[in-house]
Amino acid sequence: MDGVHDLGGIQGFGPVEVEADEPVFHAEWERRAFRLTIAAMLAGHLNGRFRHSYERMDPTWYLESPYYEHWATATATGLVEAGLITQDELDARLGAPYPVARPVRAPRLDEPGPSVDTHRYAVGDAVHVREWHPVGHTRAPRYVQGKRGTVVRLDGVFSLPDVEYHCDRVRMEPTYSVRFEALDLWGTAGDPVHVDLWESYLEPGQVSRRG
């Protein structure tokens, strides 16, 4: 979905700060948030819920909060939406209103659409990534939408997250590794970028041949 979580290619956030000898967790609450999330995932309570939950955090809250707060929020949101806990129970345990992500905007899908088990494109094919603005979940990064690239690897057939997060059934699609030239993405020369994409994100296209 379009949102502040999709930061690829966006300018103005400053350099990436690399902490020397960074610990896995900076505080004990982060370790507990990690454990809680993994336990909920292994129990099957966050299927089709986790990633789309933190995408729906208020943008200001998302940018100002640390990484594992995103995890804790997404887990709490997913458990509430699954009916396993209530908002009142969360509030009572915290002793204050417990913030969760905003409601899902995308409608539920009645049908997942037909699954596909064979690749439409081959290695070396030129492709174009569709450009659209979904209100639901997608794994097509915004910075490659509308861009042209080249298929460099055929990957497996997997459940399409765009459907899985909004339907009671899944749709299986082939996936690809697609190479994008820096000039096509950013308008300047640089290293190419490889992105894993589902087949329905792609259309036949032409790429310019440079070197």
# chains A, B, ... in the order shown; residues from 1 in each chain; ligands from 1

call {"tool": "residues_around", "arguments": {"residues": "Ser53 of chain A", "least_positions_apart": "4", "cutoff": "12 Å", "atoms": "only C-alpha atoms", "output": "PyMOL selection string"}}
result
chain A and resi 1+3+5+46-49+57-58+62+70-82+100-105+136-137+165

call {"tool": "residues_around", "arguments": {"residues": "segment 166-179 of chain A", "least_positions_apart": "5", "cutoff": "10 Å", "atoms": "only C-alpha atoms", "output": "PyMOL selection string"}}
result
chain A and resi 48-49+52+104+106-129+136-137+148-161+192-202

call {"tool": "select_by_dssp", "arguments": {"residues": "chain A", "states": "strand (DSSP E)", "output": "PyMOL selection string"}}
result
chain A and resi 126-129+148-159+172-180+193-198+202-204

call {"tool": "atom_distance", "arguments": {"atom1": "atom CA of Pro23 of chain A", "atom2": "atom CA of Met41 of chain A"}}
result
23.6 Å

call {"tool": "select_by_dssp", "arguments": {"residues": "segment 71-112 of chain A", "states": "alpha helix (DSSP H)", "output": "list in words"}}
result
Trp71, Ala72, Thr73, Ala74, Thr75, Ala76, Thr77, Gly78, Leu79, Val80, Glu81, Gln87, Asp88, Glu89, Leu90, Asp91, Ala92, Arg93 and Leu94 of chain A

call {"tool": "decode", "arguments": {"residues": "segment 68-100 of chain A", "atoms": "N, CA, C and O atoms", "output": "PDB file, in the first residue's frame"}}
result
ATOM      1  N   TYR A  68      11.235  -2.133  17.024  1.00  0.00           N
ATOM      2  CA  TYR A  68      10.459  -3.180  17.691  1.00  0.00           C
ATOM      3  C   TYR A  68       9.137  -2.667  18.253  1.00  0.00           C
ATOM      4  O   TYR A  68       8.270  -3.466  18.605  1.00  0.00           O
ATOM      5  N   GLU A  69       8.965  -1.363  18.304  1.00  0.00           N
ATOM      6  CA  GLU A  69       7.626  -0.842  18.605  1.00  0.00           C
ATOM      7  C   GLU A  69       6.689  -1.124  17.433  1.00  0.00           C
ATOM      8  O   GLU A  69       5.497  -1.371  17.622  1.00  0.00           O
ATOM      9  N   HIS A  70       7.226  -1.096  16.212  1.00  0.00           N
ATOM     10  CA  HIS A  70       6.430  -1.486  15.044  1.00  0.00           C
ATOM     11  C   HIS A  70       5.972  -2.937  15.198  1.00  0.00           C
ATOM     12  O   HIS A  70       4.817  -3.273  14.911  1.00  0.00           O
ATOM     13  N   TRP A  71       6.886  -3.803  15.627  1.00  0.00           N
ATOM     14  CA  TRP A  71       6.550  -5.212  15.816  1.00  0.00           C
ATOM     15  C   TRP A  71       5.467  -5.374  16.883  1.00  0.00           C
ATOM     16  O   TRP A  71       4.485  -6.098  16.691  1.00  0.00           O
ATOM     17  N   ALA A  72       5.654  -4.716  18.034  1.00  0.00           N
ATOM     18  CA  ALA A  72       4.682  -4.841  19.123  1.00  0.00           C
ATOM     19  C   ALA A  72       3.318  -4.326  18.701  1.00  0.00           C
ATOM     20  O   ALA A  72       2.277  -4.930  19.003  1.00  0.00           O
ATOM     21  N   THR A  73       3.305  -3.214  17.976  1.00  0.00           N
ATOM     22  CA  THR A  73       2.041  -2.646  17.513  1.00  0.00           C
ATOM     23  C   THR A  73       1.365  -3.570  16.516  1.00  0.00           C
ATOM     24  O   THR A  73       0.143  -3.799  16.578  1.00  0.00           O
ATOM     25  N   ALA A  74       2.141  -4.099  15.575  1.00  0.00           N
ATOM     26  CA  ALA A  74       1.566  -4.984  14.568  1.00  0.00           C
ATOM     27  C   ALA A  74       1.021  -6.252  15.200  1.00  0.00           C
ATOM     28  O   ALA A  74      -0.047  -6.749  14.808  1.00  0.00           O
ATOM     29  N   THR A  75       1.729  -6.788  16.194  1.00  0.00           N
ATOM     30  CA  THR A  75       1.260  -8.007  16.854  1.00  0.00           C
ATOM     31  C   THR A  75      -0.021  -7.739  17.624  1.00  0.00           C
ATOM     32  O   THR A  75      -0.997  -8.501  17.532  1.00  0.00           O
ATOM     33  N   ALA A  76      -0.051  -6.660  18.401  1.00  0.00           N
ATOM     34  CA  ALA A  76      -1.261  -6.320  19.150  1.00  0.00           C
ATOM     35  C   ALA A  76      -2.433  -6.072  18.205  1.00  0.00           C
ATOM     36  O   ALA A  76      -3.552  -6.559  18.438  1.00  0.00           O
ATOM     37  N   THR A  77      -2.194  -5.344  17.124  1.00  0.00           N
ATOM     38  CA  THR A  77      -3.254  -5.058  16.150  1.00  0.00           C
ATOM     39  C   THR A  77      -3.778  -6.343  15.538  1.00  0.00           C
ATOM     40  O   THR A  77      -4.996  -6.545  15.418  1.00  0.00           O
ATOM     41  N   GLY A  78      -2.859  -7.221  15.140  1.00  0.00           N
ATOM     42  CA  GLY A  78      -3.265  -8.481  14.521  1.00  0.00           C
ATOM     43  C   GLY A  78      -4.075  -9.352  15.461  1.00  0.00           C
ATOM     44  O   GLY A  78      -5.060  -9.980  15.052  1.00  0.00           O
ATOM     45  N   LEU A  79      -3.687  -9.405  16.725  1.00  0.00           N
ATOM     46  CA  LEU A  79      -4.411 -10.233  17.688  1.00  0.00           C
ATOM     47  C   LEU A  79      -5.801  -9.675  17.978  1.00  0.00           C
ATOM     48  O   LEU A  79      -6.761 -10.427  18.155  1.00  0.00           O
ATOM     49  N   VAL A  80      -5.901  -8.353  18.020  1.00  0.00           N
ATOM     50  CA  VAL A  80      -7.228  -7.732  18.200  1.00  0.00           C
ATOM     51  C   VAL A  80      -8.107  -8.014  16.991  1.00  0.00           C
ATOM     52  O   VAL A  80      -9.279  -8.403  17.130  1.00  0.00           O
ATOM     53  N   GLU A  81      -7.565  -7.842  15.805  1.00  0.00           N
ATOM     54  CA  GLU A  81      -8.363  -8.050  14.590  1.00  0.00           C
ATOM     55  C   GLU A  81      -8.733  -9.519  14.400  1.00  0.00           C
ATOM     56  O   GLU A  81      -9.751  -9.821  13.773  1.00  0.00           O
ATOM     57  N   ALA A  82      -7.914 -10.424  14.949  1.00  0.00           N
ATOM     58  CA  ALA A  82      -8.232 -11.851  14.869  1.00  0.00           C
ATOM     59  C   ALA A  82      -9.233 -12.278  15.939  1.00  0.00           C
ATOM     60  O   ALA A  82      -9.703 -13.414  15.938  1.00  0.00           O
ATOM     61  N   GLY A  83      -9.544 -11.357  16.868  1.00  0.00           N
ATOM     62  CA  GLY A  83     -10.499 -11.669  17.917  1.00  0.00           C
ATOM     63  C   GLY A  83      -9.926 -12.452  19.077  1.00  0.00           C
ATOM     64  O   GLY A  83     -10.667 -12.973  19.909  1.00  0.00           O
ATOM     65  N   LEU A  84      -8.599 -12.522  19.186  1.00  0.00           N
ATOM     66  CA  LEU A  84      -7.966 -13.291  20.261  1.00  0.00           C
ATOM     67  C   LEU A  84      -7.844 -12.494  21.557  1.00  0.00           C
ATOM     68  O   LEU A  84      -7.801 -13.063  22.643  1.00  0.00           O
ATOM     69  N   ILE A  85      -7.750 -11.187  21.437  1.00  0.00           N
ATOM     70  CA  ILE A  85      -7.788 -10.292  22.583  1.00  0.00           C
ATOM     71  C   ILE A  85      -8.651  -9.105  22.201  1.00  0.00           C
ATOM     72  O   ILE A  85      -8.986  -8.918  21.022  1.00  0.00           O
ATOM     73  N   THR A  86      -9.014  -8.306  23.186  1.00  0.00           N
ATOM     74  CA  THR A  86      -9.834  -7.130  22.916  1.00  0.00           C
ATOM     75  C   THR A  86      -9.049  -5.860  23.216  1.00  0.00           C
ATOM     76  O   THR A  86      -8.056  -5.881  23.957  1.00  0.00           O
ATOM     77  N   GLN A  87      -9.521  -4.774  22.668  1.00  0.00           N
ATOM     78  CA  GLN A  87      -8.903  -3.492  22.971  1.00  0.00           C
ATOM     79  C   GLN A  87      -9.012  -3.182  24.458  1.00  0.00           C
ATOM     80  O   GLN A  87      -8.076  -2.651  25.069  1.00  0.00           O
ATOM     81  N   ASP A  88     -10.130  -3.533  25.062  1.00  0.00           N
ATOM     82  CA  ASP A  88     -10.304  -3.289  26.504  1.00  0.00           C
ATOM     83  C   ASP A  88      -9.282  -4.063  27.323  1.00  0.00           C
ATOM     84  O   ASP A  88      -8.756  -3.554  28.327  1.00  0.00           O
ATOM     85  N   GLU A  89      -8.985  -5.290  26.927  1.00  0.00           N
ATOM     86  CA  GLU A  89      -7.985  -6.089  27.641  1.00  0.00           C
ATOM     87  C   GLU A  89      -6.602  -5.457  27.530  1.00  0.00           C
ATOM     88  O   GLU A  89      -5.836  -5.420  28.504  1.00  0.00           O
ATOM     89  N   LEU A  90      -6.266  -4.956  26.350  1.00  0.00           N
ATOM     90  CA  LEU A  90      -4.983  -4.281  26.179  1.00  0.00           C
ATOM     91  C   LEU A  90      -4.906  -3.035  27.047  1.00  0.00           C
ATOM     92  O   LEU A  90      -3.902  -2.780  27.721  1.00  0.00           O
ATOM     93  N   ASP A  91      -5.966  -2.235  27.023  1.00  0.00           N
ATOM     94  CA  ASP A  91      -5.985  -0.999  27.804  1.00  0.00           C
ATOM     95  C   ASP A  91      -5.871  -1.294  29.294  1.00  0.00           C
ATOM     96  O   ASP A  91      -5.147  -0.609  30.023  1.00  0.00           O
ATOM     97  N   ALA A  92      -6.574  -2.335  29.744  1.00  0.00           N
ATOM     98  CA  ALA A  92      -6.543  -2.671  31.166  1.00  0.00           C
ATOM     99  C   ALA A  92      -5.158  -3.128  31.602  1.00  0.00           C
ATOM    100  O   ALA A  92      -4.675  -2.763  32.684  1.00  0.00           O
ATOM    101  N   ARG A  93      -4.496  -3.903  30.746  1.00  0.00           N
ATOM    102  CA  ARG A  93      -3.157  -4.397  31.105  1.00  0.00           C
ATOM    103  C   ARG A  93      -2.136  -3.257  31.145  1.00  0.00           C
ATOM    104  O   ARG A  93      -1.258  -3.230  32.021  1.00  0.00           O
ATOM    105  N   LEU A  94      -2.266  -2.315  30.225  1.00  0.00           N
ATOM    106  CA  LEU A  94      -1.339  -1.187  30.179  1.00  0.00           C
ATOM    107  C   LEU A  94      -1.690  -0.140  31.222  1.00  0.00           C
ATOM    108  O   LEU A  94      -0.815   0.598  31.685  1.00  0.00           O
ATOM    109  N   GLY A  95      -2.954  -0.061  31.590  1.00  0.00           N
ATOM    110  CA  GLY A  95      -3.399   0.988  32.499  1.00  0.00           C
ATOM    111  C   GLY A  95      -3.607   2.313  31.806  1.00  0.00           C
ATOM    112  O   GLY A  95      -3.672   3.373  32.443  1.00  0.00           O
ATOM    113  N   ALA A  96      -3.712   2.257  30.494  1.00  0.00           N
ATOM    114  CA  ALA A  96      -3.915   3.449  29.668  1.00  0.00           C
ATOM    115  C   ALA A  96      -4.342   2.966  28.288  1.00  0.00           C
ATOM    116  O   ALA A  96      -4.228   1.775  27.978  1.00  0.00           O
ATOM    117  N   PRO A  97      -4.847   3.861  27.447  1.00  0.00           N
ATOM    118  CA  PRO A  97      -5.207   3.422  26.100  1.00  0.00           C
ATOM    119  C   PRO A  97      -4.003   2.834  25.360  1.00  0.00           C
ATOM    120  O   PRO A  97      -2.939   3.453  25.296  1.00  0.00           O
ATOM    121  N   TYR A  98      -4.149   1.641  24.837  1.00  0.00           N
ATOM    122  CA  TYR A  98      -3.073   0.966  24.098  1.00  0.00           C
ATOM    123  C   TYR A  98      -3.265   1.255  22.612  1.00  0.00           C
ATOM    124  O   TYR A  98      -4.242   0.814  22.023  1.00  0.00           O
ATOM    125  N   PRO A  99      -2.356   1.989  21.990  1.00  0.00           N
ATOM    126  CA  PRO A  99      -2.556   2.353  20.581  1.00  0.00           C
ATOM    127  C   PRO A  99      -2.351   1.162  19.651  1.00  0.00           C
ATOM    128  O   PRO A  99      -1.409   0.387  19.816  1.00  0.00           O
ATOM    129  N   VAL A 100      -3.238   1.021  18.708  1.00  0.00           N
ATOM    130  CA  VAL A 100      -3.094   0.023  17.652  1.00  0.00           C
ATOM    131  C   VAL A 100      -3.164   0.739  16.312  1.00  0.00           C
ATOM    132  O   VAL A 100      -3.442   1.935  16.232  1.00  0.00           O
TER     133      VAL A 100
END
